[in-house]
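Trainee: Take a look at protein.pdb, PDB, C-alpha atoms:
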```pdb
ATOM      1  CA  MET A  30     -36.616 -99.848 -23.937  1.00  0.00           C
ATOM      2  CA  THR A  31     -38.704 -97.020 -22.478  1.00  0.00           C
ATOM      3  CA  TYR A  32     -36.690 -97.132 -19.266  1.00  0.00           C
ATOM      4  CA  GLU A  33     -33.424 -96.801 -21.211  1.00  0.00           C
ATOM      5  CA  PHE A  34     -34.771 -93.850 -23.213  1.00  0.00           C
ATOM      6  CA  ASP A  35     -36.127 -92.127 -20.090  1.00  0.00           C
ATOM      7  CA  LYS A  36     -32.790 -92.561 -18.325  1.00  0.00           C
ATOM      8  CA  VAL A  37     -30.787 -91.162 -21.260  1.00  0.00           C
ATOM      9  CA  TYR A  38     -33.267 -88.296 -21.630  1.00  0.00           C
ATOM     10  CA  GLU A  39     -33.040 -87.302 -17.953  1.00  0.00           C
ATOM     11  CA  GLU A  40     -29.243 -87.526 -17.947  1.00  0.00           C
ATOM     12  CA  ASN A  41     -28.761 -85.503 -21.154  1.00  0.00           C
ATOM     13  CA  LYS A  42     -31.685 -83.086 -21.609  1.00  0.00           C
ATOM     14  CA  VAL A  43     -29.889 -80.161 -19.952  1.00  0.00           C
ATOM     15  CA  LYS A  44     -26.715 -80.772 -21.973  1.00  0.00           C
ATOM     16  CA  VAL A  45     -28.651 -80.961 -25.273  1.00  0.00           C
ATOM     17  CA  THR A  46     -30.705 -77.878 -24.395  1.00  0.00           C
ATOM     18  CA  ASN A  47     -27.620 -75.844 -23.469  1.00  0.00           C
ATOM     19  CA  LEU A  48     -25.843 -76.898 -26.654  1.00  0.00           C
ATOM     20  CA  ALA A  49     -28.825 -75.789 -28.744  1.00  0.00           C
ATOM     21  CA  ARG A  50     -29.036 -72.474 -26.828  1.00  0.00           C
ATOM     22  CA  GLN A  51     -25.459 -71.629 -27.792  1.00  0.00           C
ATOM     23  CA  LYS A  52     -26.566 -71.031 -31.387  1.00  0.00           C
ATOM     24  CA  ILE A  53     -30.324 -70.406 -31.150  1.00  0.00           C
ATOM     25  CA  ARG A  54     -31.818 -67.613 -29.058  1.00  0.00           C
ATOM     26  CA  ASP A  55     -35.499 -68.410 -29.525  1.00  0.00           C
ATOM     27  CA  LYS A  56     -36.721 -70.704 -26.718  1.00  0.00           C
ATOM     28  CA  GLY A  57     -39.390 -72.256 -28.927  1.00  0.00           C
ATOM     29  CA  ARG A  58     -36.868 -73.202 -31.589  1.00  0.00           C
ATOM     30  CA  VAL A  59     -34.531 -74.588 -28.916  1.00  0.00           C
ATOM     31  CA  ALA A  60     -37.371 -76.757 -27.593  1.00  0.00           C
ATOM     32  CA  ASP A  61     -38.101 -77.956 -31.139  1.00  0.00           C
ATOM     33  CA  VAL A  62     -34.456 -78.908 -31.676  1.00  0.00           C
ATOM     34  CA  VAL A  63     -34.309 -80.783 -28.350  1.00  0.00           C
ATOM     35  CA  GLN A  64     -37.500 -82.642 -29.242  1.00  0.00           C
ATOM     36  CA  GLU A  65     -36.108 -83.575 -32.669  1.00  0.00           C
ATOM     37  CA  VAL A  66     -32.827 -84.797 -31.144  1.00  0.00           C
ATOM     38  CA  PHE A  67     -34.557 -87.063 -28.669  1.00  0.00           C
ATOM     39  CA  GLY A  68     -36.984 -88.181 -31.375  1.00  0.00           C
ATOM     40  CA  VAL A  69     -34.031 -89.394 -33.435  1.00  0.00           C
ATOM     41  CA  LEU A  70     -32.606 -91.105 -30.340  1.00  0.00           C
ATOM     42  CA  TYR A  71     -35.917 -92.853 -29.666  1.00  0.00           C
ATOM     43  CA  GLU A  72     -36.150 -94.046 -33.276  1.00  0.00           C
ATOM     44  CA  ASN A  73     -32.611 -95.432 -33.057  1.00  0.00           C
ATOM     45  CA  LEU A  74     -33.345 -97.219 -29.787  1.00  0.00           C
ATOM     46  CA  ILE A  75     -36.514 -98.779 -31.208  1.00  0.00           C
ATOM     47  CA  ALA A  76     -34.619 -99.921 -34.314  1.00  0.00           C
ATOM     48  CA  ASN A  77     -31.914-101.395 -32.046  1.00  0.00           C
ATOM     49  CA  ASN A  78     -29.215 -99.360 -33.793  1.00  0.00           C
ATOM     50  CA  PRO A  79     -26.082 -99.577 -31.656  1.00  0.00           C
ATOM     51  CA  ILE A  80     -24.772 -96.278 -30.300  1.00  0.00           C
ATOM     52  CA  GLN A  81     -21.269 -96.597 -28.846  1.00  0.00           C
ATOM     53  CA  ASN A  82     -20.979 -93.275 -27.024  1.00  0.00           C
ATOM     54  CA  ILE A  83     -24.456 -91.882 -26.391  1.00  0.00           C
ATOM     55  CA  SER A  84     -23.183 -88.516 -25.130  1.00  0.00           C
ATOM     56  CA  ALA A  85     -21.010 -87.854 -28.179  1.00  0.00           C
ATOM     57  CA  TRP A  86     -23.768 -89.131 -30.455  1.00  0.00           C
ATOM     58  CA  LEU A  87     -26.259 -86.687 -28.892  1.00  0.00           C
ATOM     59  CA  VAL A  88     -23.820 -83.801 -29.357  1.00  0.00           C
ATOM     60  CA  GLY A  89     -23.433 -84.653 -33.055  1.00  0.00           C
ATOM     61  CA  VAL A  90     -27.174 -84.986 -33.640  1.00  0.00           C
ATOM     62  CA  THR A  91     -27.820 -81.746 -31.730  1.00  0.00           C
ATOM     63  CA  ARG A  92     -25.284 -79.835 -33.842  1.00  0.00           C
ATOM     64  CA  ASN A  93     -26.874 -81.191 -37.023  1.00  0.00           C
ATOM     65  CA  LYS A  94     -30.394 -80.288 -35.880  1.00  0.00           C
ATOM     66  CA  VAL A  95     -29.241 -76.792 -34.859  1.00  0.00           C
ATOM     67  CA  ARG A  96     -27.680 -76.290 -38.304  1.00  0.00           C
ATOM     68  CA  GLU A  97     -30.872 -77.498 -39.980  1.00  0.00           C
ATOM     69  CA  SER A  98     -32.920 -75.092 -37.884  1.00  0.00           C
ATOM     70  CA  ILE A  99     -30.625 -72.161 -38.681  1.00  0.00           C
ATOM     71  CA  ARG A 100     -30.645 -72.995 -42.394  1.00  0.00           C
ATOM     72  CA  LYS A 101     -34.419 -73.263 -42.395  1.00  0.00           C
ATOM     73  CA  ASP A 102     -34.679 -69.908 -40.631  1.00  0.00           C
ATOM     74  CA  ALA A 103     -32.094 -68.322 -42.946  1.00  0.00           C
ATOM     75  CA  LYS A 104     -33.934 -69.537 -46.029  1.00  0.00           C
ATOM     76  CA  TYR A 105     -37.188 -68.066 -44.741  1.00  0.00           C
ATOM     77  CA  ALA A 106     -35.511 -64.786 -43.747  1.00  0.00           C
ATOM     78  CA  THR A 107     -33.752 -64.256 -47.068  1.00  0.00           C
ATOM     79  CA  GLU A 108     -36.923 -65.094 -48.978  1.00  0.00           C
ATOM     80  CA  SER A 109     -38.968 -62.624 -46.958  1.00  0.00           C
ATOM     81  CA  ILE A 110     -36.589 -59.645 -46.813  1.00  0.00           C
ATOM     82  CA  VAL A 111     -35.874 -57.616 -49.900  1.00  0.00           C
ATOM     83  CA  TYR A 112     -33.348 -54.834 -49.757  1.00  0.00           C
ATOM     84  CA  SER A 113     -34.220 -51.645 -51.573  1.00  0.00           C
ATOM     85  CA  GLY A 114     -31.039 -50.130 -52.932  1.00  0.00           C
ATOM     86  CA  SER A 115     -30.381 -46.435 -53.376  1.00  0.00           C
ATOM     87  CA  SER A 116     -30.898 -46.748 -57.117  1.00  0.00           C
ATOM     88  CA  GLY A 117     -34.553 -47.525 -56.474  1.00  0.00           C
ATOM     89  CA  SER A 118     -34.352 -51.025 -57.907  1.00  0.00           C
ATOM     90  CA  ASP A 119     -34.988 -53.960 -55.609  1.00  0.00           C
ATOM     91  CA  GLU A 120     -32.127 -56.398 -55.360  1.00  0.00           C
ATOM     92  CA  GLU A 121     -31.869 -59.357 -53.067  1.00  0.00           C
ATOM     93  CA  ALA A 122     -28.976 -59.129 -50.658  1.00  0.00           C
ATOM     94  CA  PRO A 123     -27.892 -61.250 -47.711  1.00  0.00           C
ATOM     95  CA  LEU A 124     -28.877 -59.526 -44.505  1.00  0.00           C
ATOM     96  CA  PHE A 125     -27.812 -62.201 -42.023  1.00  0.00           C
ATOM     97  CA  LEU A 126     -24.412 -63.261 -40.760  1.00  0.00           C
ATOM     98  CA  HIS A 127     -24.890 -66.967 -41.470  1.00  0.00           C
ATOM     99  CA  ASP A 128     -25.605 -66.096 -45.115  1.00  0.00           C
ATOM    100  CA  ILE A 129     -22.117 -64.693 -45.640  1.00  0.00           C
ATOM    101  CA  LEU A 130     -19.972 -67.174 -43.719  1.00  0.00           C
ATOM    102  CA  PRO A 131     -18.052 -69.573 -45.948  1.00  0.00           C
ATOM    103  CA  ASP A 132     -19.134 -73.203 -46.193  1.00  0.00           C
ATOM    104  CA  VAL A 133     -16.476 -75.234 -44.376  1.00  0.00           C
ATOM    105  CA  LYS A 134     -18.005 -78.704 -44.705  1.00  0.00           C
ATOM    106  CA  GLY A 135     -15.243 -79.895 -47.028  1.00  0.00           C
ATOM    107  CA  LEU A 136     -12.384 -78.754 -44.804  1.00  0.00           C
ATOM    108  CA  ALA A 137     -10.770 -81.450 -42.689  1.00  0.00           C
ATOM    109  CA  ASP A 138      -9.996 -78.941 -39.945  1.00  0.00           C
ATOM    110  CA  SER A 139     -13.366 -77.161 -39.919  1.00  0.00           C
ATOM    111  CA  ASP A 140     -13.381 -76.673 -36.116  1.00  0.00           C
ATOM    112  CA  LEU A 141     -10.018 -74.940 -36.294  1.00  0.00           C
ATOM    113  CA  PHE A 142     -11.240 -72.829 -39.200  1.00  0.00           C
ATOM    114  CA  ASN A 143     -14.407 -71.893 -37.279  1.00  0.00           C
ATOM    115  CA  ASP A 144     -12.274 -70.606 -34.392  1.00  0.00           C
ATOM    116  CA  PHE A 145     -10.083 -68.726 -36.853  1.00  0.00           C
ATOM    117  CA  ILE A 146     -13.069 -67.195 -38.647  1.00  0.00           C
ATOM    118  CA  LYS A 147     -14.563 -65.966 -35.340  1.00  0.00           C
ATOM    119  CA  VAL A 148     -11.390 -64.008 -34.609  1.00  0.00           C
ATOM    120  CA  GLU A 149     -11.271 -62.611 -38.147  1.00  0.00           C
ATOM    121  CA  LEU A 150     -14.967 -61.734 -38.016  1.00  0.00           C
ATOM    122  CA  GLU A 151     -14.478 -59.788 -34.787  1.00  0.00           C
ATOM    123  CA  LYS A 152     -11.624 -57.860 -36.420  1.00  0.00           C
ATOM    124  CA  ALA A 153     -13.732 -57.169 -39.521  1.00  0.00           C
ATOM    125  CA  ILE A 154     -16.666 -55.946 -37.430  1.00  0.00           C
ATOM    126  CA  ASP A 155     -14.327 -53.593 -35.549  1.00  0.00           C
ATOM    127  CA  GLU A 156     -13.178 -52.144 -38.899  1.00  0.00           C
ATOM    128  CA  LEU A 157     -16.719 -51.242 -40.018  1.00  0.00           C
ATOM    129  CA  PRO A 158     -17.846 -47.612 -39.932  1.00  0.00           C
ATOM    130  CA  GLU A 159     -19.516 -46.873 -36.586  1.00  0.00           C
ATOM    131  CA  GLU A 160     -23.110 -46.596 -37.872  1.00  0.00           C
ATOM    132  CA  GLN A 161     -22.850 -49.821 -39.901  1.00  0.00           C
ATOM    133  CA  GLN A 162     -21.194 -51.602 -37.001  1.00  0.00           C
ATOM    134  CA  TRP A 163     -23.940 -50.526 -34.605  1.00  0.00           C
ATOM    135  CA  VAL A 164     -26.770 -51.738 -36.868  1.00  0.00           C
ATOM    136  CA  PHE A 165     -24.972 -55.014 -37.586  1.00  0.00           C
ATOM    137  CA  VAL A 166     -24.285 -55.751 -33.910  1.00  0.00           C
ATOM    138  CA  GLN A 167     -27.816 -54.798 -32.845  1.00  0.00           C
ATOM    139  CA  HIS A 168     -29.429 -57.003 -35.479  1.00  0.00           C
ATOM    140  CA  GLU A 169     -27.069 -60.009 -35.499  1.00  0.00           C
ATOM    141  CA  LEU A 170     -25.770 -60.200 -31.959  1.00  0.00           C
ATOM    142  CA  GLU A 171     -28.395 -58.419 -29.879  1.00  0.00           C
ATOM    143  CA  ASP A 172     -31.270 -59.834 -31.970  1.00  0.00           C
ATOM    144  CA  LYS A 173     -33.027 -56.468 -32.298  1.00  0.00           C
ATOM    145  CA  SER A 174     -35.479 -55.965 -35.114  1.00  0.00           C
ATOM    146  CA  PHE A 175     -35.114 -53.118 -37.574  1.00  0.00           C
ATOM    147  CA  LYS A 176     -38.451 -51.733 -36.341  1.00  0.00           C
ATOM    148  CA  ASP A 177     -37.131 -51.634 -32.756  1.00  0.00           C
ATOM    149  CA  MET A 178     -33.946 -49.880 -33.895  1.00  0.00           C
ATOM    150  CA  GLU A 179     -36.020 -47.381 -35.881  1.00  0.00           C
ATOM    151  CA  ALA A 180     -38.166 -46.622 -32.820  1.00  0.00           C
ATOM    152  CA  GLU A 181     -35.112 -46.357 -30.569  1.00  0.00           C
ATOM    153  CA  THR A 182     -33.020 -44.080 -32.790  1.00  0.00           C
ATOM    154  CA  GLY A 183     -35.482 -42.312 -35.064  1.00  0.00           C
ATOM    155  CA  VAL A 184     -33.363 -43.377 -38.054  1.00  0.00           C
ATOM    156  CA  PRO A 185     -35.596 -44.394 -40.992  1.00  0.00           C
ATOM    157  CA  LEU A 186     -36.028 -48.110 -41.625  1.00  0.00           C
ATOM    158  CA  LYS A 187     -34.551 -47.964 -45.138  1.00  0.00           C
ATOM    159  CA  THR A 188     -31.451 -46.203 -43.791  1.00  0.00           C
ATOM    160  CA  LEU A 189     -30.971 -48.944 -41.190  1.00  0.00           C
ATOM    161  CA  LEU A 190     -31.440 -51.617 -43.867  1.00  0.00           C
ATOM    162  CA  SER A 191     -28.938 -49.838 -46.081  1.00  0.00           C
ATOM    163  CA  ARG A 192     -26.364 -49.643 -43.290  1.00  0.00           C
ATOM    164  CA  LYS A 193     -26.816 -53.331 -42.561  1.00  0.00           C
ATOM    165  CA  HIS A 194     -26.507 -54.130 -46.263  1.00  0.00           C
ATOM    166  CA  TYR A 195     -23.208 -52.252 -46.568  1.00  0.00           C
ATOM    167  CA  ALA A 196     -21.907 -53.863 -43.365  1.00  0.00           C
ATOM    168  CA  VAL A 197     -22.750 -57.341 -44.654  1.00  0.00           C
ATOM    169  CA  LYS A 198     -21.155 -56.624 -48.040  1.00  0.00           C
ATOM    170  CA  ALA A 199     -17.954 -55.379 -46.352  1.00  0.00           C
ATOM    171  CA  LEU A 200     -17.846 -58.404 -44.050  1.00  0.00           C
ATOM    172  CA  GLN A 201     -18.567 -60.736 -46.939  1.00  0.00           C
ATOM    173  CA  LYS A 202     -15.646 -59.312 -48.899  1.00  0.00           C
ATOM    174  CA  LYS A 203     -13.294 -59.506 -45.923  1.00  0.00           C
ATOM    175  CA  LEU A 204     -14.312 -63.069 -45.017  1.00  0.00           C
ATOM    176  CA  ARG A 205     -13.975 -64.203 -48.618  1.00  0.00           C
ATOM    177  CA  GLU A 206     -10.392 -62.879 -48.615  1.00  0.00           C
ATOM    178  CA  VAL A 207      -9.690 -64.632 -45.305  1.00  0.00           C
ATOM    179  CA  TYR A 208     -11.186 -67.885 -46.584  1.00  0.00           C
ATOM    180  CA  GLU A 209      -9.172 -67.783 -49.812  1.00  0.00           C
ATOM    181  CA  GLU A 210      -5.999 -67.098 -47.845  1.00  0.00           C
ATOM    182  CA  TYR A 211      -6.789 -69.951 -45.443  1.00  0.00           C
ATOM    183  CA  LYS A 212      -7.376 -72.429 -48.273  1.00  0.00           C
ATOM    184  CA  LYS A 213      -3.854 -71.827 -49.662  1.00  0.00           C
TER     185      LYS A 213
END
```
Kindly return the structure encoded in the file as structure tokens.
Mentor:
Amino acid sequence: MTYEFDKVYEENKVKVTNLARQKIRDKGRVADVVQEVFGVLYENLIANNPIQNISAWLVGVTRNKVRESIRKDAKYATESIVYSGSSGSDEEAPLFLHDILPDVKGLADSDLFNDFIKVELEKAIDELPEEQQWVFVQHELEDKSFKDMEAETGVPLKTLLSRKHYAVKALQKKLREVYEEYKK
């Protein structure tokens, strides 16, 4: 049993790690996901649950664990960040890309839709005003904090948050239109 697990682990740890790194930048979170994936594998081996194609099974479990990790992080992030609108009243607003993407679980061709949405998202980002686009790209794709952007540019934190908010709202509207059109 232990030999079988060790063999599978050695043969697949790089593949699982690389798959997790595609969606998660933080090395600690990647290590947590890899540990969880192999923990599930170990539990299945102990329970003598048959796994037909171990490689494909590991890919599926890794994708699920990555999604769980992103959701957990998104929930924490949206609970901890409050956007202060220009009217002075605090309103909660999505400030992360994964908060505005449509839920495609129910679609039979979700992989095809994911490819389609990536292309449409790139187009929508290109259509944003330059300042909003810059803040969005820095925060979402380059993983820069608002504090780092403030220090780098001298632009006040609330202005950066506002630009990100307007970028997310514009992208949300565009992606909703794309999703509705796709569902037809």
Trainee: Compile the contact shell of range 97-99 of chain A as a list in words: residues with an atom at most 8 Å away, counting only C-alpha atoms, same-chain residues fewer than 5 positions apart removed.
Mentor: Ile53, Arg58 and Val62 of chain A
Trainee: So the first atom is CA of Lys193 in chain A and the second is CA of Phe165 in chain A; what is the distance between them in Å, to one decimal place?
Mentor: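 If I compute the distance from CA of Lys193 in chain A to CA of Phe165 in chain A, I get 5.6 Å.
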Trainee: Set the distance at 9 Å and use all atoms listed in the file: which residues neighbour Ile154 in chain A once local chain neighbours fewer than 2 positions away are removed? I'd like the list as JSON, numbers by chain.
Mentor: {"A": [149, 150, 151, 152, 156, 157, 158, 162, 165, 166, 196, 200]}
Trainee: Measure the distance from CA of Asp155 in chain A to CA of His168 in chain A in Å and round it to one decimal.
Mentor: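 CA of Asp155 in chain A sits 15.5 Å away from CA of His168 in chain A.
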Trainee: Evaluate the PyMOL selection byres ((chain A and resi 70-73) around 10) and record the selected residues as a ChimeraX atom specification, following the chain and residue labels used in the document.
Mentor: /A:30-31,33-35,37-38,64-69,74-80,83,86-87,90
Trainee: For the atom pair CA of Asp55 in chain A and CA of Ala199 in chain A, what is the interatomic distance in Å to one decimal place?
Mentor: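 CA of Asp55 in chain A sits 27.6 Å away from CA of Ala199 in chain A.
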Trainee: Measuring between all atoms listed in the file, which one of A:Asn82, A:Met178, A:Lys44, A:Phe145 shows the shortest distance to Leu204 in chain A?
Mentor: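 Of all the options, A:Phe145 lies closest to Leu204 in chain A.
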Trainee: Give me the residues near Leu189 in chain A as JSON, numbers by chain, where near means some atom within 8 Å (using all atoms listed in the file) and where sequence neighbours in that chain fewer than 6 positions away do not count.
Mentor: {"A": [164, 175, 178, 179]}
